[in-house]
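Asker: File follows, input-v6.cif with mmCIF, C-alpha atoms:
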```cif
data_upload
loop_
_atom_site.label_atom_id
_atom_site.label_comp_id
_atom_site.auth_asym_id
_atom_site.auth_seq_id
_atom_site.Cartn_x
_atom_site.Cartn_y
_atom_site.Cartn_z
CA MET Q 3 26.66 17.54 19.65
CA ALA Q 4 29.96 17.75 17.82
CA ASP Q 5 29.81 14.52 15.90
CA LYS Q 6 26.78 14.42 13.62
CA ARG Q 7 25.83 10.79 13.74
CA ARG Q 8 23.83 9.19 11.04
CA PHE Q 9 20.84 8.28 13.24
CA LEU Q 10 19.29 9.97 16.27
CA ASP Q 11 16.62 9.04 18.82
CA VAL Q 12 13.99 11.79 19.18
CA TRP Q 13 11.71 12.23 22.23
CA ILE Q 14 8.67 14.48 21.72
CA ILE Q 15 7.84 15.66 25.26
CA GLU Q 16 4.25 16.82 24.67
CA ALA Q 17 3.16 13.54 23.04
CA ASN Q 18 5.58 11.44 25.15
CA THR Q 19 6.63 9.61 22.00
CA VAL Q 20 10.12 8.36 21.10
CA TYR Q 21 11.26 7.83 17.50
CA LYS Q 22 14.40 5.72 17.14
CA GLU Q 23 17.10 5.79 14.45
CA VAL Q 24 15.89 8.97 12.71
CA PRO Q 25 18.38 10.35 10.11
CA PHE Q 26 20.05 13.67 10.91
CA THR Q 27 18.49 15.41 7.88
CA VAL Q 28 14.99 14.26 8.85
CA VAL Q 29 15.45 15.72 12.36
CA THR Q 30 16.45 19.10 10.90
CA ASP Q 31 13.40 19.02 8.59
CA TRP Q 32 11.11 18.32 11.58
CA ILE Q 33 12.59 21.28 13.47
CA GLN Q 34 12.09 23.65 10.52
CA GLN Q 35 8.51 22.39 10.07
CA GLY Q 36 7.72 23.07 13.72
CA ARG Q 37 7.16 19.40 14.61
CA LEU Q 38 9.99 19.56 17.15
CA LEU Q 39 10.32 22.29 19.80
CA GLU Q 40 13.23 23.55 21.88
CA ASP Q 41 12.09 21.50 24.93
CA ASP Q 42 12.02 18.22 23.00
CA MET Q 43 14.92 15.84 23.60
CA LEU Q 44 17.29 13.91 21.36
CA LYS Q 45 20.36 11.71 21.59
CA PRO Q 46 22.57 9.71 19.21
CA SER Q 47 21.18 6.21 18.66
CA GLY Q 48 22.81 3.73 21.00
CA THR Q 49 23.63 6.29 23.75
CA LYS Q 50 21.81 7.03 27.01
CA GLU Q 51 22.13 10.77 27.62
CA TRP Q 52 19.23 12.93 26.34
CA GLN Q 53 19.78 16.55 25.36
CA ARG Q 54 17.37 19.44 24.74
CA ILE Q 55 17.11 20.49 21.13
CA GLY Q 56 17.37 24.13 22.25
CA GLY Q 57 20.73 23.38 23.88
CA ALA Q 58 22.21 21.45 20.93
CA ALA Q 59 24.57 23.61 18.90
CA ASP Q 60 24.09 21.56 15.73
CA PHE Q 61 20.33 22.18 15.70
CA SER Q 62 20.07 25.78 16.94
CA PRO Q 63 20.35 27.22 13.37
CA TYR Q 64 17.23 25.26 12.38
CA LEU Q 65 15.02 26.57 15.21
CA PRO Q 66 12.55 29.32 14.17
CA ARG Q 67 13.45 32.75 15.54
CA ALA Q 68 11.17 35.75 15.99
CA LEU Q 69 12.12 38.66 13.78
CA PRO Q 70 13.00 41.86 15.69
CA GLN Q 71 10.40 44.60 15.47
CA ARG Q 72 11.46 47.31 13.06
CA VAL Q 73 10.85 51.03 13.48
CA ASP Q 74 8.86 51.29 10.28
CA ASP Q 75 6.59 48.44 11.42
CA LYS Q 76 5.73 50.35 14.58
CA ALA Q 77 5.05 53.53 12.56
CA GLU Q 78 2.84 51.63 10.17
CA ALA Q 79 0.85 50.19 13.07
CA LEU Q 80 0.15 53.71 14.39
CA GLU Q 81 -1.15 55.01 11.04
CA PRO Q 82 -4.93 55.50 10.77
CA VAL Q 83 -6.81 52.73 9.05
CA GLU Q 84 -8.99 53.73 6.15
CA ILE Q 85 -11.91 51.48 5.43
CA GLY Q 86 -13.42 51.92 2.03
CA PHE Q 87 -16.02 49.93 0.21
CA SER Q 88 -16.33 49.85 -3.49
CA TRP Q 89 -19.51 48.24 -4.74
CA LYS Q 90 -19.63 47.30 -8.37
CA ARG Q 91 -22.69 45.90 -10.02
CA PRO Q 92 -22.06 42.89 -12.25
CA ARG Q 93 -22.49 43.38 -15.93
CA GLU Q 94 -25.38 41.26 -17.06
CA ASP Q 95 -24.69 41.82 -20.72
CA GLU Q 96 -21.30 40.04 -20.58
CA ASP Q 97 -21.33 36.26 -20.76
CA ASP Q 98 -18.61 34.35 -18.90
CA GLU Q 99 -16.47 32.19 -21.14
CA VAL Q 100 -16.71 28.48 -20.41
CA ASP Q 101 -13.39 26.69 -19.82
CA MET Q 102 -13.50 23.68 -22.16
CA ILE Q 103 -10.16 22.13 -21.11
CA PRO Q 104 -11.52 20.07 -18.15
CA LEU Q 105 -14.39 18.84 -20.32
CA ILE Q 106 -11.94 17.75 -23.05
CA ASP Q 107 -9.79 15.90 -20.49
CA VAL Q 108 -12.78 13.98 -19.12
CA THR Q 109 -13.91 13.13 -22.64
CA LEU Q 110 -10.50 11.71 -23.58
CA VAL Q 111 -10.35 9.61 -20.42
CA LEU Q 112 -13.81 8.16 -21.11
CA LEU Q 113 -12.87 7.52 -24.73
CA ILE Q 114 -9.77 5.56 -23.77
CA PHE Q 115 -11.71 3.60 -21.16
CA PHE Q 116 -14.40 2.54 -23.62
CA MET Q 117 -11.82 1.67 -26.29
CA ILE Q 118 -9.98 -0.66 -23.91
CA SER Q 119 -13.14 -2.24 -22.49
CA ALA Q 120 -14.56 -2.77 -26.00
CA VAL Q 121 -11.65 -5.07 -27.02
CA PRO Q 122 -12.79 -8.67 -26.42
CA GLY Q 123 -10.51 -10.57 -24.06
CA ALA Q 124 -8.33 -7.52 -23.33
CA SER Q 125 -7.72 -8.71 -19.78
CA ALA Q 126 -6.39 -12.02 -21.06
CA LEU Q 127 -3.57 -10.21 -22.90
CA VAL Q 128 -1.97 -9.16 -19.60
CA ASP Q 129 0.07 -11.88 -17.92
CA LEU Q 130 -0.25 -11.03 -14.23
CA PRO Q 131 2.05 -12.68 -11.65
CA GLU Q 132 0.66 -14.75 -8.82
CA ALA Q 133 0.20 -12.92 -5.52
CA ARG Q 134 2.60 -14.20 -2.88
CA SER Q 135 4.02 -13.09 0.44
CA GLY Q 136 7.19 -14.07 2.24
CA VAL Q 137 10.54 -14.88 0.65
CA VAL Q 138 11.23 -13.37 -2.75
CA GLU Q 139 12.05 -16.12 -5.24
CA THR Q 140 15.12 -15.58 -7.43
CA GLU Q 141 16.36 -16.94 -10.73
CA PHE Q 142 19.08 -19.58 -11.11
CA ASN Q 143 21.97 -17.15 -11.59
CA ASP Q 144 20.86 -14.79 -8.82
CA ALA Q 145 22.41 -14.57 -5.35
CA GLY Q 146 20.65 -14.27 -2.01
CA ILE Q 147 21.46 -13.14 1.51
CA ALA Q 148 19.19 -14.55 4.24
CA ILE Q 149 19.36 -12.80 7.63
CA ASP Q 150 17.95 -14.67 10.61
CA VAL Q 151 17.70 -13.73 14.30
CA VAL Q 152 18.49 -16.36 16.95
CA GLY Q 153 18.34 -16.43 20.73
CA LYS Q 154 17.01 -13.93 23.24
CA ALA Q 155 19.88 -11.60 22.40
CA LYS Q 156 18.60 -11.54 18.80
CA GLU Q 157 21.97 -12.25 17.28
CA MET Q 158 22.04 -12.14 13.48
CA ARG Q 159 23.06 -15.07 11.30
CA PHE Q 160 23.72 -14.62 7.58
CA THR Q 161 23.32 -17.42 5.01
CA LEU Q 162 24.29 -17.06 1.34
CA SER Q 163 22.63 -18.76 -1.60
CA MET Q 164 23.04 -18.94 -5.36
CA GLY Q 165 19.83 -19.20 -7.33
CA ASN Q 166 17.22 -20.91 -5.15
CA ALA Q 167 19.71 -23.20 -3.39
CA VAL Q 168 21.66 -22.46 -0.24
CA SER Q 169 25.42 -22.53 -0.72
CA SER Q 170 26.89 -25.94 0.13
CA ASP Q 171 30.04 -24.36 1.53
CA PRO Q 172 29.82 -24.32 5.37
CA ALA Q 173 31.66 -20.99 5.34
CA ASP Q 174 28.61 -19.43 3.63
CA GLN Q 175 26.28 -20.47 6.46
CA ASN Q 176 25.77 -19.09 9.98
CA ILE Q 177 27.90 -16.01 9.24
CA GLN Q 178 27.90 -13.69 12.25
CA SER Q 179 28.90 -10.29 10.83
CA VAL Q 180 27.99 -8.04 7.91
CA GLY Q 181 31.60 -7.69 6.80
CA GLU Q 182 32.15 -11.46 6.66
CA ALA Q 183 28.87 -11.92 4.75
CA LEU Q 184 29.92 -9.34 2.15
CA ALA Q 185 33.33 -10.99 1.78
CA ARG Q 186 31.78 -14.43 1.22
CA LEU Q 187 29.27 -12.89 -1.24
CA GLN Q 188 32.17 -11.39 -3.21
CA ALA Q 189 33.79 -14.83 -3.37
CA LEU Q 190 30.55 -16.35 -4.71
CA LEU Q 191 30.11 -13.63 -7.32
CA ASP Q 192 33.70 -13.99 -8.52
CA LYS Q 193 32.82 -17.54 -9.60
CA ASN Q 194 29.99 -16.24 -11.80
CA ASP Q 195 30.87 -14.69 -15.17
CA GLN Q 196 27.66 -12.66 -15.55
CA PRO Q 197 26.25 -9.88 -13.32
CA VAL Q 198 23.47 -11.02 -10.99
CA THR Q 199 20.66 -9.61 -8.90
CA VAL Q 200 20.92 -9.92 -5.15
CA THR Q 201 17.91 -10.57 -2.91
CA ILE Q 202 18.11 -9.74 0.80
CA ASN Q 203 15.59 -11.79 2.80
CA ALA Q 204 15.66 -10.36 6.32
CA HIS Q 205 13.86 -11.43 9.49
CA LYS Q 206 11.28 -8.91 10.68
CA ASP Q 207 13.36 -8.16 13.81
CA VAL Q 208 16.52 -7.23 11.89
CA ARG Q 209 17.51 -3.60 12.45
CA ALA Q 210 17.02 -1.19 9.57
CA SER Q 211 20.62 -0.01 9.92
CA VAL Q 212 21.89 -3.50 8.98
CA LEU Q 213 19.82 -3.53 5.77
CA LEU Q 214 21.01 -0.01 4.96
CA GLN Q 215 24.63 -1.08 5.44
CA LEU Q 216 24.15 -4.01 3.05
CA MET Q 217 22.38 -1.89 0.43
CA ILE Q 218 25.15 0.75 0.49
CA ALA Q 219 27.88 -1.90 0.21
CA LEU Q 220 26.16 -3.48 -2.82
CA GLU Q 221 26.17 -0.10 -4.58
CA LYS Q 222 29.93 0.40 -4.14
CA PRO Q 223 32.94 -1.28 -5.77
CA PRO Q 224 33.90 -4.06 -6.01
CA LEU Q 225 30.37 -5.50 -5.62
CA ARG Q 226 28.83 -2.90 -7.94
CA GLN Q 227 30.50 -4.50 -10.98
CA LYS Q 228 28.81 -7.83 -10.18
CA VAL Q 229 25.37 -6.66 -8.95
CA ILE Q 230 22.86 -5.18 -11.40
CA LYS Q 231 19.83 -4.94 -9.11
CA THR Q 232 18.94 -5.48 -5.44
CA TYR Q 233 15.66 -6.70 -3.92
CA ARG Q 234 14.48 -6.90 -0.33
CA GLY Q 235 12.04 -9.37 1.24
CA VAL Q 236 10.99 -10.78 4.61
CA THR Q 237 11.49 -14.31 5.87
CA ASP Q 238 8.87 -14.11 8.63
CA PRO Q 239 5.80 -12.21 7.29
CA GLN Q 240 3.03 -11.32 9.70
#
```
Could you express the structure from this file as structure tokens?
Answerer:
Amino acid sequence: MADKRRFLDVWIIEANTVYKEVPFTVVTDWIQQGRLLEDDMLKPSGTKEWQRIGGAADFSPYLPRALPQRVDDKAEALEPVEIGFSWKRPREDEDDEVDMIPLIDVTLVLLIFFMISAVPGASALVDLPEARSGVVETEFNDAGIAIDVVGKAKEMRFTLSMGNAVSSDPADQNIQSVGEALARLQALLDKNDQPVTVTINAHKDVRASVLLQLMIALEKPPLRQKVIKTYRGVTDPQ
């Protein structure tokens, strides 16, 4: 295929398994590793026509090819084979040297373990966070992008927040496109003097390509000057 799209759908014929939205570089790695054969099928994500990997010009260089038989290989195969055995008795008077490095490593590990366990109340010195699942909580100056899926068509709706509170501006709620959500996020960040972290809380049915598009946009100007770190969470954990 002439245009190398970012994601491809791969159909493994022998296992009758389809992998969707596989990056182009991953597909080439699978072909070189022998996980994909010439009779397996692929197509750009979002299209309907399947194509054999053996007939795709972009993937033919990655298919393994048998090396042509050389003349010297054939001559070597016709040469007589000499089988010789050389028995050598072990020398009993020589002692094998013991490798002390593994023993030293084990000793150091045990020493560190006993030193830590011997300190009274050592576990109380570590302030562990509470285990939680679901939406990632953010600080007051942090921004958030919540992605929800509505209706049978699974249409996406974006909602922006600042800190732990949803933005009161109606324009920051029920946003229907990624571009509009990024534009509204830029407007929110322009009101904040300090760089913030952005948390993306996505519904479990949101496509991975949408999250990837958001993550790439947050790493590029002009949002990169305002965003110091990005987190991802789920709004509907199972």
Asker: Just give me the gap between CA of Ile149 (chain Q) and CA of Ala185 (chain Q) in Å, one decimal is fine.
Answerer: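 Separation of CA of Ile149 (chain Q) and CA of Ala185 (chain Q): 15.3 Å.
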Asker: With all atoms listed in the file counted and 9 Å as the cut-off, give the residues of region 185-218 of chain Q in contact with region 167-175 of chain Q, each with its shortest interatomic distance in Å and the pair that gives it, as JSON lines.
Answerer:
```
{"residue": "Q:Arg186", "atom": "CA", "partner": "Q:Asp174", "partner_atom": "CA", "distance": 6.4}
{"residue": "Q:Leu187", "atom": "CA", "partner": "Q:Asp174", "partner_atom": "CA", "distance": 8.2}
{"residue": "Q:Leu190", "atom": "CA", "partner": "Q:Ser169", "partner_atom": "CA", "distance": 9.0}
```
Asker: What residues come out when you apply the PyMOL selection byres ((chain Q and resi 40) around 12) to this file, written as a PyMOL selection string?
Answerer: chain Q and resi 13-16+32-34+36-39+41-44+53-59+61-67
Asker: Please indicate the distance in Å from CA of Ser163 (chain Q) to CA of Leu184 (chain Q), rounded to one decimal place.
Answerer: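 Distance reported for this atom pair: 12.5 Å.
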Asker: Which residues match the PyMOL selection byres ((chain Q and resi 206-222) around 10) in the file above, as an NGL selection string?
Answerer: :Q and (8-9 or 23 or 147 or 149-151 or 156-158 or 179-181 or 183-184 or 188 or 200 or 202-205 or 223-240)
Asker: Expressed in Å to a single decimal, how great is the separation between CA of Ala148 (chain Q) and CA of Asn176 (chain Q)?
Answerer: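 Result for CA of Ala148 (chain Q) versus CA of Asn176 (chain Q): 9.8 Å, one decimal.
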Asker: Please provide the set of residues having any atom within 7 Å of region 45-52 of chain Q, restricted to only C-alpha atoms, with same-chain residues fewer than 6 positions apart removed, written as a PDB file with C-alpha atoms, in the coordinates of the input.
Answerer:
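Ended up saving to part38.pdb:
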```pdb
ATOM      1  CA  ARG Q   7      25.830  10.790  13.740  1.00  0.00           C
ATOM      2  CA  PHE Q   9      20.840   8.280  13.240  1.00  0.00           C
ATOM      3  CA  LEU Q  10      19.290   9.970  16.270  1.00  0.00           C
ATOM      4  CA  ASP Q  11      16.620   9.040  18.820  1.00  0.00           C
ATOM      5  CA  VAL Q  12      13.990  11.790  19.180  1.00  0.00           C
ATOM      6  CA  LYS Q  22      14.400   5.720  17.140  1.00  0.00           C
ATOM      7  CA  GLU Q  23      17.100   5.790  14.450  1.00  0.00           C
TER       8      GLU Q  23
END
```
Asker: Identify which of the residues Q:Val28, Q:Ile177, Q:Ile114, Q:Ile106 lies closest to Arg159 (chain Q), counting only C-alpha atoms when measuring atom-to-atom distances.
Answerer: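 Selected residue with least distance to Arg159 (chain Q): Q:Ile177.
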Asker: Any chance you could work out the axis-aligned box around region 185-198 of chain Q, listed atoms only, 3 Å on each side, giving centre and edge lengths in Å to one decimal, as AutoDock Vina command-line options?
Answerer:
```
--center_x 28.6 --center_y -13.7 --center_z -6.9 --size_x 16.3 --size_y 13.7 --size_z 23.3
```
Asker: When you count all atoms listed in the file, which of these residues is closest to Ala145 (chain Q): Q:Asp192, Q:Leu110, Q:Val20, Q:Ile118?
Answerer: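 Comparing Q:Asp192, Q:Leu110, Q:Val20, Q:Ile118 against Ala145 (chain Q), the winner is Q:Asp192.
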Asker: Take the structure in the block and write a file for region 98-109 of chain Q, all heavy atoms, as a PDB file, in the first residue's frame.
Answerer:
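The resulting file, decode-v1.pdb, is reproduced below:
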```pdb
ATOM      1  N   ASP Q  98      39.460 -27.555  40.865  1.00  0.00           N
ATOM      2  CA  ASP Q  98      38.744 -26.466  40.212  1.00  0.00           C
ATOM      3  C   ASP Q  98      38.621 -25.282  41.161  1.00  0.00           C
ATOM      4  O   ASP Q  98      38.311 -25.438  42.343  1.00  0.00           O
ATOM      5  CB  ASP Q  98      37.349 -26.927  39.778  1.00  0.00           C
ATOM      6  CG  ASP Q  98      37.422 -27.999  38.714  1.00  0.00           C
ATOM      7  OD1 ASP Q  98      38.445 -28.024  38.006  1.00  0.00           O
ATOM      8  OD2 ASP Q  98      36.474 -28.806  38.605  1.00  0.00           O
ATOM      9  N   GLU Q  99      38.830 -24.096  40.616  1.00  0.00           N
ATOM     10  CA  GLU Q  99      38.704 -22.892  41.432  1.00  0.00           C
ATOM     11  C   GLU Q  99      37.236 -22.555  41.638  1.00  0.00           C
ATOM     12  O   GLU Q  99      36.438 -22.587  40.708  1.00  0.00           O
ATOM     13  CB  GLU Q  99      39.413 -21.724  40.748  1.00  0.00           C
ATOM     14  CG  GLU Q  99      40.916 -21.918  40.606  1.00  0.00           C
ATOM     15  CD  GLU Q  99      41.577 -20.709  39.986  1.00  0.00           C
ATOM     16  OE1 GLU Q  99      40.835 -19.763  39.646  1.00  0.00           O
ATOM     17  OE2 GLU Q  99      42.806 -20.716  39.840  1.00  0.00           O
ATOM     18  N   VAL Q 100      36.883 -22.215  42.859  1.00  0.00           N
ATOM     19  CA  VAL Q 100      35.502 -21.890  43.200  1.00  0.00           C
ATOM     20  C   VAL Q 100      35.262 -20.416  42.901  1.00  0.00           C
ATOM     21  O   VAL Q 100      36.043 -19.549  43.306  1.00  0.00           O
ATOM     22  CB  VAL Q 100      35.225 -22.189  44.683  1.00  0.00           C
ATOM     23  CG1 VAL Q 100      33.793 -21.827  45.036  1.00  0.00           C
ATOM     24  CG2 VAL Q 100      35.506 -23.663  44.971  1.00  0.00           C
ATOM     25  N   ASP Q 101      34.157 -20.133  42.174  1.00  0.00           N
ATOM     26  CA  ASP Q 101      33.787 -18.758  41.862  1.00  0.00           C
ATOM     27  C   ASP Q 101      33.078 -18.163  43.078  1.00  0.00           C
ATOM     28  O   ASP Q 101      31.984 -18.583  43.461  1.00  0.00           O
ATOM     29  CB  ASP Q 101      32.865 -18.729  40.647  1.00  0.00           C
ATOM     30  CG  ASP Q 101      32.626 -17.310  40.172  1.00  0.00           C
ATOM     31  OD1 ASP Q 101      33.215 -16.380  40.754  1.00  0.00           O
ATOM     32  OD2 ASP Q 101      31.838 -17.131  39.216  1.00  0.00           O
ATOM     33  N   MET Q 102      33.717 -17.183  43.707  1.00  0.00           N
ATOM     34  CA  MET Q 102      33.201 -16.605  44.950  1.00  0.00           C
ATOM     35  C   MET Q 102      32.251 -15.420  44.704  1.00  0.00           C
ATOM     36  O   MET Q 102      31.609 -14.949  45.635  1.00  0.00           O
ATOM     37  CB  MET Q 102      34.373 -16.126  45.817  1.00  0.00           C
ATOM     38  CG  MET Q 102      35.304 -17.245  46.241  1.00  0.00           C
ATOM     39  SD  MET Q 102      34.477 -18.412  47.334  1.00  0.00           S
ATOM     40  CE  MET Q 102      34.168 -17.358  48.744  1.00  0.00           C
ATOM     41  N   ILE Q 103      32.157 -14.934  43.464  1.00  0.00           N
ATOM     42  CA  ILE Q 103      31.342 -13.740  43.207  1.00  0.00           C
ATOM     43  C   ILE Q 103      29.861 -13.969  43.507  1.00  0.00           C
ATOM     44  O   ILE Q 103      29.228 -13.147  44.179  1.00  0.00           O
ATOM     45  CB  ILE Q 103      31.554 -13.263  41.763  1.00  0.00           C
ATOM     46  CG1 ILE Q 103      33.007 -12.804  41.572  1.00  0.00           C
ATOM     47  CG2 ILE Q 103      30.591 -12.134  41.411  1.00  0.00           C
ATOM     48  CD1 ILE Q 103      33.321 -12.331  40.169  1.00  0.00           C
ATOM     49  N   PRO Q 104      29.228 -15.073  43.058  1.00  0.00           N
ATOM     50  CA  PRO Q 104      27.816 -15.283  43.421  1.00  0.00           C
ATOM     51  C   PRO Q 104      27.599 -15.388  44.925  1.00  0.00           C
ATOM     52  O   PRO Q 104      26.602 -14.891  45.459  1.00  0.00           O
ATOM     53  CB  PRO Q 104      27.456 -16.591  42.701  1.00  0.00           C
ATOM     54  CG  PRO Q 104      28.435 -16.695  41.587  1.00  0.00           C
ATOM     55  CD  PRO Q 104      29.698 -16.102  42.119  1.00  0.00           C
ATOM     56  N   LEU Q 105      28.545 -16.021  45.630  1.00  0.00           N
ATOM     57  CA  LEU Q 105      28.415 -16.142  47.072  1.00  0.00           C
ATOM     58  C   LEU Q 105      28.494 -14.786  47.756  1.00  0.00           C
ATOM     59  O   LEU Q 105      27.746 -14.493  48.709  1.00  0.00           O
ATOM     60  CB  LEU Q 105      29.507 -17.072  47.608  1.00  0.00           C
ATOM     61  CG  LEU Q 105      29.493 -17.335  49.117  1.00  0.00           C
ATOM     62  CD1 LEU Q 105      28.182 -17.970  49.544  1.00  0.00           C
ATOM     63  CD2 LEU Q 105      30.668 -18.224  49.505  1.00  0.00           C
ATOM     64  N   ILE Q 106      29.371 -13.894  47.252  1.00  0.00           N
ATOM     65  CA  ILE Q 106      29.485 -12.546  47.814  1.00  0.00           C
ATOM     66  C   ILE Q 106      28.206 -11.755  47.568  1.00  0.00           C
ATOM     67  O   ILE Q 106      27.726 -11.027  48.442  1.00  0.00           O
ATOM     68  CB  ILE Q 106      30.706 -11.833  47.215  1.00  0.00           C
ATOM     69  CG1 ILE Q 106      32.002 -12.555  47.638  1.00  0.00           C
ATOM     70  CG2 ILE Q 106      30.749 -10.370  47.651  1.00  0.00           C
ATOM     71  CD1 ILE Q 106      33.247 -11.995  46.987  1.00  0.00           C
ATOM     72  N   ASP Q 107      27.629 -11.889  46.365  1.00  0.00           N
ATOM     73  CA  ASP Q 107      26.386 -11.174  46.056  1.00  0.00           C
ATOM     74  C   ASP Q 107      25.258 -11.596  46.986  1.00  0.00           C
ATOM     75  O   ASP Q 107      24.505 -10.759  47.518  1.00  0.00           O
ATOM     76  CB  ASP Q 107      25.988 -11.430  44.598  1.00  0.00           C
ATOM     77  CG  ASP Q 107      26.977 -10.809  43.626  1.00  0.00           C
ATOM     78  OD1 ASP Q 107      27.714  -9.898  44.050  1.00  0.00           O
ATOM     79  OD2 ASP Q 107      27.011 -11.235  42.455  1.00  0.00           O
ATOM     80  N   VAL Q 108      25.107 -12.898  47.200  1.00  0.00           N
ATOM     81  CA  VAL Q 108      24.051 -13.390  48.095  1.00  0.00           C
ATOM     82  C   VAL Q 108      24.284 -12.902  49.512  1.00  0.00           C
ATOM     83  O   VAL Q 108      23.352 -12.516  50.231  1.00  0.00           O
ATOM     84  CB  VAL Q 108      23.986 -14.925  48.028  1.00  0.00           C
ATOM     85  CG1 VAL Q 108      23.001 -15.461  49.061  1.00  0.00           C
ATOM     86  CG2 VAL Q 108      23.583 -15.391  46.635  1.00  0.00           C
ATOM     87  N   THR Q 109      25.538 -12.886  49.939  1.00  0.00           N
ATOM     88  CA  THR Q 109      25.847 -12.426  51.299  1.00  0.00           C
ATOM     89  C   THR Q 109      25.495 -10.963  51.485  1.00  0.00           C
ATOM     90  O   THR Q 109      24.928 -10.570  52.518  1.00  0.00           O
ATOM     91  CB  THR Q 109      27.340 -12.651  51.587  1.00  0.00           C
ATOM     92  OG1 THR Q 109      27.671 -14.025  51.372  1.00  0.00           O
ATOM     93  CG2 THR Q 109      27.668 -12.279  53.024  1.00  0.00           C
TER      94      THR Q 109
END
```
